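*Asks:* You'll find upload_11.cif just under this line, and it carries mmCIF, C-alpha atoms.
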data_structure
#
loop_
_atom_site.group_PDB
_atom_site.id
_atom_site.type_symbol
_atom_site.label_atom_id
_atom_site.label_comp_id
_atom_site.auth_asym_id
_atom_site.auth_seq_id
_atom_site.Cartn_x
_atom_site.Cartn_y
_atom_site.Cartn_z
ATOM 1 C CA MET Y 1 -55.342 -11.650 22.773
ATOM 2 C CA SER Y 2 -54.519 -15.258 22.095
ATOM 3 C CA ALA Y 3 -53.962 -17.880 24.772
ATOM 4 C CA THR Y 4 -50.215 -17.726 24.101
ATOM 5 C CA ASP Y 5 -49.883 -14.020 24.899
ATOM 6 C CA ARG Y 6 -47.902 -13.430 28.059
ATOM 7 C CA HIS Y 7 -49.585 -11.815 31.080
ATOM 8 C CA LEU Y 8 -47.623 -10.323 33.948
ATOM 9 C CA VAL Y 9 -49.165 -10.178 37.396
ATOM 10 C CA VAL Y 10 -49.967 -6.580 38.404
ATOM 11 C CA GLY Y 11 -52.221 -7.096 41.427
ATOM 12 C CA ARG Y 12 -53.991 -9.503 43.719
ATOM 13 C CA PHE Y 13 -57.725 -9.818 44.288
ATOM 14 C CA ARG Y 14 -58.405 -9.097 47.937
ATOM 15 C CA LYS Y 15 -62.161 -9.113 48.483
ATOM 16 C CA PRO Y 16 -65.418 -7.741 47.136
ATOM 17 C CA HIS Y 17 -66.174 -4.244 48.379
ATOM 18 C CA GLY Y 18 -69.781 -3.284 48.912
ATOM 19 C CA LEU Y 19 -72.724 -4.893 47.148
ATOM 20 C CA LYS Y 20 -72.491 -3.494 43.623
ATOM 21 C CA GLY Y 21 -69.592 -5.322 42.073
ATOM 22 C CA GLU Y 22 -66.571 -3.387 43.335
ATOM 23 C CA VAL Y 23 -63.476 -5.316 44.363
ATOM 24 C CA ALA Y 24 -60.362 -4.388 46.340
ATOM 25 C CA ILE Y 25 -57.145 -5.097 44.428
ATOM 26 C CA PHE Y 26 -53.739 -5.000 46.105
ATOM 27 C CA PRO Y 27 -51.327 -3.518 43.531
ATOM 28 C CA LEU Y 28 -48.134 -5.353 42.635
ATOM 29 C CA THR Y 29 -47.038 -2.620 40.261
ATOM 30 C CA ALA Y 30 -45.775 0.912 40.702
ATOM 31 C CA GLU Y 31 -47.918 2.033 37.737
ATOM 32 C CA GLY Y 32 -51.380 1.542 39.216
ATOM 33 C CA GLU Y 33 -52.728 4.744 37.657
ATOM 34 C CA LYS Y 34 -51.972 3.385 34.182
ATOM 35 C CA VAL Y 35 -52.583 -0.346 34.669
ATOM 36 C CA PHE Y 36 -55.894 0.047 36.536
ATOM 37 C CA ALA Y 37 -57.206 2.954 34.423
ATOM 38 C CA VAL Y 38 -60.743 2.986 33.060
ATOM 39 C CA GLY Y 39 -60.925 1.047 29.801
ATOM 40 C CA GLN Y 40 -57.950 -1.225 30.524
ATOM 41 C CA SER Y 41 -58.425 -4.975 30.125
ATOM 42 C CA LEU Y 42 -57.181 -7.278 32.860
ATOM 43 C CA TRP Y 43 -57.108 -11.063 33.182
ATOM 44 C CA ILE Y 44 -57.475 -13.399 36.153
ATOM 45 C CA VAL Y 45 -54.267 -15.355 36.788
ATOM 46 C CA GLY Y 46 -54.167 -18.410 39.047
ATOM 47 C CA LEU Y 47 -51.522 -19.353 41.573
ATOM 48 C CA ASP Y 48 -49.801 -21.440 38.892
ATOM 49 C CA GLY Y 49 -49.350 -18.355 36.693
ATOM 50 C CA GLU Y 50 -51.900 -19.497 34.105
ATOM 51 C CA VAL Y 51 -54.695 -17.225 32.859
ATOM 52 C CA ILE Y 52 -58.003 -18.569 34.185
ATOM 53 C CA GLY Y 53 -60.397 -15.763 33.263
ATOM 54 C CA GLY Y 54 -60.924 -12.514 31.480
ATOM 55 C CA PRO Y 55 -60.607 -10.162 29.920
ATOM 56 C CA LEU Y 56 -62.309 -7.898 32.416
ATOM 57 C CA GLU Y 57 -62.632 -4.282 31.339
ATOM 58 C CA VAL Y 58 -62.129 -1.679 34.067
ATOM 59 C CA GLU Y 59 -65.313 0.405 34.278
ATOM 60 C CA ARG Y 60 -64.152 2.566 37.170
ATOM 61 C CA SER Y 61 -61.253 2.588 39.607
ATOM 62 C CA ARG Y 62 -59.799 4.647 42.399
ATOM 63 C CA PRO Y 63 -56.994 4.346 44.926
ATOM 64 C CA TYR Y 64 -58.226 3.353 48.379
ATOM 65 C CA HIS Y 65 -55.670 3.267 51.209
ATOM 66 C CA ARG Y 66 -52.961 0.844 49.943
ATOM 67 C CA GLU Y 67 -55.317 -0.833 47.470
ATOM 68 C CA TRP Y 68 -57.410 0.016 44.420
ATOM 69 C CA LEU Y 69 -61.180 -0.258 44.337
ATOM 70 C CA MET Y 70 -62.362 -1.339 40.898
ATOM 71 C CA LYS Y 71 -65.565 -2.122 39.116
ATOM 72 C CA PHE Y 72 -65.430 -4.290 35.987
ATOM 73 C CA ARG Y 73 -67.904 -3.819 33.129
ATOM 74 C CA GLY Y 74 -70.684 -6.410 33.326
ATOM 75 C CA VAL Y 75 -69.768 -7.565 36.839
ATOM 76 C CA ASP Y 76 -72.567 -6.111 38.929
ATOM 77 C CA GLU Y 77 -72.978 -8.533 41.807
ATOM 78 C CA ARG Y 78 -70.717 -9.260 44.753
ATOM 79 C CA VAL Y 79 -71.175 -13.021 44.253
ATOM 80 C CA ASP Y 80 -69.672 -12.746 40.749
ATOM 81 C CA LEU Y 81 -66.359 -11.739 42.350
ATOM 82 C CA ASP Y 82 -66.148 -14.339 45.132
ATOM 83 C CA PRO Y 83 -64.475 -17.027 42.958
ATOM 84 C CA PHE Y 84 -61.589 -14.640 42.237
ATOM 85 C CA ARG Y 85 -60.686 -13.933 45.875
ATOM 86 C CA GLY Y 86 -56.985 -14.623 46.420
ATOM 87 C CA GLN Y 87 -56.265 -14.925 42.694
ATOM 88 C CA PHE Y 88 -54.073 -12.502 40.776
ATOM 89 C CA VAL Y 89 -54.754 -9.826 38.183
ATOM 90 C CA GLY Y 90 -52.619 -9.847 35.063
ATOM 91 C CA ALA Y 91 -52.050 -7.495 32.157
ATOM 92 C CA PRO Y 92 -50.561 -8.286 28.745
ATOM 93 C CA ALA Y 93 -46.788 -7.873 28.936
ATOM 94 C CA ASP Y 94 -46.729 -5.768 25.771
ATOM 95 C CA THR Y 95 -49.029 -3.155 27.350
ATOM 96 C CA LEU Y 96 -46.749 -2.557 30.342
ATOM 97 C CA ALA Y 97 -43.780 -0.214 30.456
ATOM 98 C CA PRO Y 98 -40.527 -2.142 30.217
ATOM 99 C CA PRO Y 99 -38.311 -2.064 33.292
ATOM 100 C CA ALA Y 100 -36.085 0.997 33.549
ATOM 101 C CA ASP Y 101 -32.336 0.710 33.126
ATOM 102 C CA GLY Y 102 -30.962 -1.425 35.941
ATOM 103 C CA GLU Y 103 -34.374 -2.938 36.727
ATOM 104 C CA VAL Y 104 -35.765 -6.382 35.965
ATOM 105 C CA TYR Y 105 -39.045 -8.238 36.302
ATOM 106 C CA LEU Y 106 -38.960 -10.709 39.186
ATOM 107 C CA HIS Y 107 -39.847 -13.646 36.958
ATOM 108 C CA GLU Y 108 -36.712 -12.963 34.891
ATOM 109 C CA LEU Y 109 -34.216 -13.267 37.777
ATOM 110 C CA GLU Y 110 -33.769 -17.038 37.760
ATOM 111 C CA GLY Y 111 -30.761 -17.943 35.648
ATOM 112 C CA PHE Y 112 -29.057 -14.534 35.851
ATOM 113 C CA ALA Y 113 -25.272 -14.850 35.988
ATOM 114 C CA VAL Y 114 -23.847 -13.258 39.132
ATOM 115 C CA GLN Y 115 -20.385 -11.693 39.008
ATOM 116 C CA TRP Y 116 -17.915 -10.003 41.319
ATOM 117 C CA PRO Y 117 -17.076 -6.356 40.484
ATOM 118 C CA ASP Y 118 -13.907 -7.560 38.696
ATOM 119 C CA GLY Y 119 -16.049 -9.668 36.334
ATOM 120 C CA SER Y 120 -15.173 -13.069 37.763
ATOM 121 C CA PRO Y 121 -18.145 -15.438 38.135
ATOM 122 C CA LEU Y 122 -19.794 -15.946 41.514
ATOM 123 C CA GLY Y 123 -22.820 -18.087 40.610
ATOM 124 C CA LEU Y 124 -26.326 -18.159 39.165
ATOM 125 C CA VAL Y 125 -29.602 -16.902 40.592
ATOM 126 C CA SER Y 126 -31.669 -20.011 41.312
ATOM 127 C CA GLY Y 127 -34.586 -18.361 43.074
ATOM 128 C CA PHE Y 128 -35.785 -15.431 45.132
ATOM 129 C CA TYR Y 129 -37.776 -14.852 48.284
ATOM 130 C CA GLU Y 130 -39.901 -11.912 49.310
ATOM 131 C CA LEU Y 131 -39.007 -11.568 52.985
ATOM 132 C CA PRO Y 132 -40.043 -8.865 55.478
ATOM 133 C CA GLY Y 133 -36.660 -7.164 54.932
ATOM 134 C CA GLY Y 134 -37.169 -7.126 51.157
ATOM 135 C CA LEU Y 135 -36.359 -9.255 48.151
ATOM 136 C CA THR Y 136 -33.601 -11.834 48.709
ATOM 137 C CA LEU Y 137 -31.826 -13.751 45.942
ATOM 138 C CA GLU Y 138 -30.809 -17.396 46.210
ATOM 139 C CA ILE Y 139 -27.493 -17.811 44.404
ATOM 140 C CA GLN Y 140 -25.900 -21.141 43.534
ATOM 141 C CA GLY Y 141 -22.149 -20.714 43.904
ATOM 142 C CA PRO Y 142 -19.463 -23.219 42.872
ATOM 143 C CA LYS Y 143 -19.497 -24.937 46.283
ATOM 144 C CA ARG Y 144 -22.779 -23.971 47.938
ATOM 145 C CA GLU Y 145 -25.790 -21.713 47.701
ATOM 146 C CA PHE Y 146 -26.216 -18.492 49.643
ATOM 147 C CA LEU Y 147 -28.814 -15.776 50.078
ATOM 148 C CA LEU Y 148 -28.113 -12.180 49.057
ATOM 149 C CA PRO Y 149 -30.449 -9.259 49.838
ATOM 150 C CA PHE Y 150 -31.440 -7.496 46.606
ATOM 151 C CA ARG Y 151 -30.349 -4.068 47.811
ATOM 152 C CA LYS Y 152 -28.411 -1.360 46.010
ATOM 153 C CA GLU Y 153 -25.421 -1.640 48.335
ATOM 154 C CA PHE Y 154 -25.006 -5.325 47.357
ATOM 155 C CA VAL Y 155 -26.378 -5.435 43.787
ATOM 156 C CA LEU Y 156 -24.250 -2.884 41.964
ATOM 157 C CA HIS Y 157 -25.441 -3.352 38.390
ATOM 158 C CA VAL Y 158 -28.154 -5.318 36.583
ATOM 159 C CA ASP Y 159 -27.905 -5.964 32.834
ATOM 160 C CA ARG Y 160 -31.293 -7.293 31.773
ATOM 161 C CA GLU Y 161 -30.308 -7.904 28.149
ATOM 162 C CA ALA Y 162 -27.158 -9.874 29.045
ATOM 163 C CA ARG Y 163 -28.974 -11.566 31.990
ATOM 164 C CA LYS Y 164 -26.227 -10.825 34.477
ATOM 165 C CA MET Y 165 -25.631 -8.746 37.567
ATOM 166 C CA VAL Y 166 -22.603 -7.438 39.390
ATOM 167 C CA VAL Y 167 -22.694 -7.812 43.157
ATOM 168 C CA ALA Y 168 -20.597 -6.904 46.183
ATOM 169 C CA PRO Y 169 -21.813 -9.250 48.947
ATOM 170 C CA PRO Y 170 -21.241 -8.236 52.558
ATOM 171 C CA GLU Y 171 -17.971 -9.489 54.002
ATOM 172 C CA GLY Y 172 -18.182 -13.055 55.273
ATOM 173 C CA LEU Y 173 -21.264 -13.997 53.244
ATOM 174 C CA VAL Y 174 -19.305 -15.799 50.564
ATOM 175 C CA GLU Y 175 -16.278 -17.895 51.488
ATOM 176 C CA GLU Y 176 -13.081 -16.506 49.992
ATOM 177 C CA SER Y 177 -12.115 -20.001 48.807
ATOM 178 C CA GLU Y 178 -15.030 -20.081 46.412
#
Rewrite the structure from the file as structure tokens, please.
*Replies:*
Amino acid sequence: MSATDRHLVVGRFRKPHGLKGEVAIFPLTAEGEKVFAVGQSLWIVGLDGEVIGGPLEVERSRPYHREWLMKFRGVDERVDLDPFRGQFVGAPADTLAPPADGEVYLHELEGFAVQWPDGSPLGLVSGFYELPGGLTLEIQGPKREFLLPFRKEFVLHVDREARKMVVAPPEGLVEESE
């Protein structure tokens, strides 16, 4: 792997577990069995999205409540893991399954064109927020921005290749004069 290879975040370091080098990882992927499998290489990704360490080879792993407990080859002491607490775990993008039809990676959402069901433009995605009620898109419309929950009743279709989505916002969310 070169420094220019792209790594997508697949988990977050929680805390060391026990005294023999295991760590609790909170998964940010639905494919934990594959991504955290024995023999896989993972990288440490900082809060700025840059790779700051690795590769770390998974020596053993197992699901544990809502997290994964992992041991990395050559990391045998609890103190070796302390600097990674709160950081993220990344995997090379080319080793991950691409999103299914109608799905998209979160980092790809900014800049998506947003359209009404009739194809007329509504705005562009300028950001997103992970709120207690779920993912919410920030959309810049022609006159103002608004927030739209990323839910199947409002987001009708996502075209990852064309970088656009068709939406049906709830009544009153978007002014008719826009």
*Asks:* Determine, using only C-alpha atoms, which residues of range 16-76 of chain Y have any atom at most 10 Å from an atom of range 85-105 of chain Y, and tabulate each with its shortest atom pair and distance in Å to one decimal place, rows ordered by chain and then rising number, as CSV.
*Replies:*
residue,atom,partner,partner_atom,distance
Y:Pro16,CA,Y:Arg85,CA,7.9
Y:Val23,CA,Y:Arg85,CA,9.2
Y:Ala24,CA,Y:Arg85,CA,9.6
Y:Ile25,CA,Y:Val89,CA,8.2
Y:Phe26,CA,Y:Phe88,CA,9.2
Y:Pro27,CA,Y:Val89,CA,9.0
Y:Leu28,CA,Y:Val89,CA,9.1
Y:Thr29,CA,Y:Leu96,CA,9.9
Y:Glu31,CA,Y:Ala97,CA,8.7
Y:Lys34,CA,Y:Leu96,CA,8.8
Y:Val35,CA,Y:Leu96,CA,7.6
Y:Phe36,CA,Y:Ala91,CA,9.5
Y:Gln40,CA,Y:Ala91,CA,8.8
Y:Ser41,CA,Y:Ala91,CA,7.1
Y:Leu42,CA,Y:Ala91,CA,5.2
Y:Trp43,CA,Y:Gly90,CA,5.0
Y:Ile44,CA,Y:Val89,CA,4.9
Y:Val45,CA,Y:Phe88,CA,4.9
Y:Gly46,CA,Y:Gln87,CA,5.5
Y:Leu47,CA,Y:Gln87,CA,6.6
Y:Asp48,CA,Y:Gln87,CA,9.9
Y:Gly49,CA,Y:Phe88,CA,8.6
Y:Glu50,CA,Y:Gly90,CA,9.7
Y:Val51,CA,Y:Gly90,CA,8.0
Y:Ile52,CA,Y:Gln87,CA,9.4
Y:Gly53,CA,Y:Val89,CA,9.6
Y:Gly54,CA,Y:Gly90,CA,9.4
Y:Pro55,CA,Y:Ala91,CA,9.2
Y:Leu56,CA,Y:Val89,CA,9.7
*Asks:* What does the distance between CA of Val167 in chain Y and CA of Gln115 in chain Y come to in Å, to one decimal place?
*Replies:*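 Computing it gives 6.1 Å between the two atoms.
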*Asks:* Quick one: pull the distance between CA of Ala162 in chain Y and CA of Tyr129 in chain Y, Å, one decimal.
*Replies:* 22.5 Å
*Asks:* Just how far from CA of Arg78 in chain Y is CA of Gly18 in chain Y, in Å to one decimal?
*Replies:* 7.3 Å
*Asks:* From the options Y:Glu22, Y:Glu138, Y:Glu130, Y:Glu153, which residue's atoms come nearest to Phe72 in chain Y, counting all atoms listed in the file?
*Replies:*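 For Phe72 in chain Y, the nearest of the given residues is Y:Glu22.
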*Asks:* Pick out the closest residue to Ser126 in chain Y from this set: Y:Glu108, Y:Arg62, Y:Asp159, Y:Lys143. Count only C-alpha atoms.
*Replies:*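 Checking each of Y:Glu108, Y:Arg62, Y:Asp159, Y:Lys143 against Ser126 in chain Y, counting only C-alpha atoms, the winner is Y:Glu108.
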*Asks:* Of the residues Y:Val38, Y:Leu19, Y:Leu137, Y:Ala168, which is the one nearest to Glu110 in chain Y, using only C-alpha atoms?
*Replies:*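 Selected residue with least distance to Glu110 in chain Y: Y:Leu137.
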*Asks:* Decode the PyMOL selection byres ((chain Y and resi 149) around 12) for the given file into explicit residues and return them as an mmCIF file with C-alpha atoms, in the coordinates of the input.
*Replies:*
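Wrote it out as out_18.cif, contents follow:
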data_model
loop_
_atom_site.group_PDB
_atom_site.id
_atom_site.type_symbol
_atom_site.label_atom_id
_atom_site.label_comp_id
_atom_site.auth_asym_id
_atom_site.auth_seq_id
_atom_site.Cartn_x
_atom_site.Cartn_y
_atom_site.Cartn_z
ATOM 1 C CA PHE Y 128 -35.785 -15.431 45.132
ATOM 2 C CA TYR Y 129 -37.776 -14.852 48.284
ATOM 3 C CA GLU Y 130 -39.901 -11.912 49.310
ATOM 4 C CA LEU Y 131 -39.007 -11.568 52.985
ATOM 5 C CA PRO Y 132 -40.043 -8.865 55.478
ATOM 6 C CA GLY Y 133 -36.660 -7.164 54.932
ATOM 7 C CA GLY Y 134 -37.169 -7.126 51.157
ATOM 8 C CA LEU Y 135 -36.359 -9.255 48.151
ATOM 9 C CA THR Y 136 -33.601 -11.834 48.709
ATOM 10 C CA LEU Y 137 -31.826 -13.751 45.942
ATOM 11 C CA GLU Y 138 -30.809 -17.396 46.210
ATOM 12 C CA ILE Y 139 -27.493 -17.811 44.404
ATOM 13 C CA PHE Y 146 -26.216 -18.492 49.643
ATOM 14 C CA LEU Y 147 -28.814 -15.776 50.078
ATOM 15 C CA LEU Y 148 -28.113 -12.180 49.057
ATOM 16 C CA PHE Y 150 -31.440 -7.496 46.606
ATOM 17 C CA ARG Y 151 -30.349 -4.068 47.811
ATOM 18 C CA LYS Y 152 -28.411 -1.360 46.010
ATOM 19 C CA GLU Y 153 -25.421 -1.640 48.335
ATOM 20 C CA PHE Y 154 -25.006 -5.325 47.357
ATOM 21 C CA VAL Y 155 -26.378 -5.435 43.787
ATOM 22 C CA LEU Y 156 -24.250 -2.884 41.964
ATOM 23 C CA VAL Y 167 -22.694 -7.812 43.157
ATOM 24 C CA ALA Y 168 -20.597 -6.904 46.183
ATOM 25 C CA PRO Y 169 -21.813 -9.250 48.947
ATOM 26 C CA PRO Y 170 -21.241 -8.236 52.558
ATOM 27 C CA LEU Y 173 -21.264 -13.997 53.244
#
*Asks:* Looking at all atoms listed in the file, which of Y:His107, Y:Arg66, Y:Arg60, Y:Arg73 is the one that sits closest to Val9 in chain Y?
*Replies:* Y:His107
*Asks:* So, counting all atoms listed in the file, which residue among Y:Ala37, Y:Val174, Y:Val125, Y:Val158 is closest to Ser61 in chain Y?
*Replies:*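 Between Y:Ala37, Y:Val174, Y:Val125, Y:Val158, the residue approaching Ser61 in chain Y most closely is Y:Ala37.
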*Asks:* For Val114 in chain Y, which of Y:Asp76, Y:Arg144, Y:Glu161, Y:Val166 is the closest residue, counting all atoms listed in the file?
*Replies:*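 Smallest separation from Val114 in chain Y among the options: Y:Val166.
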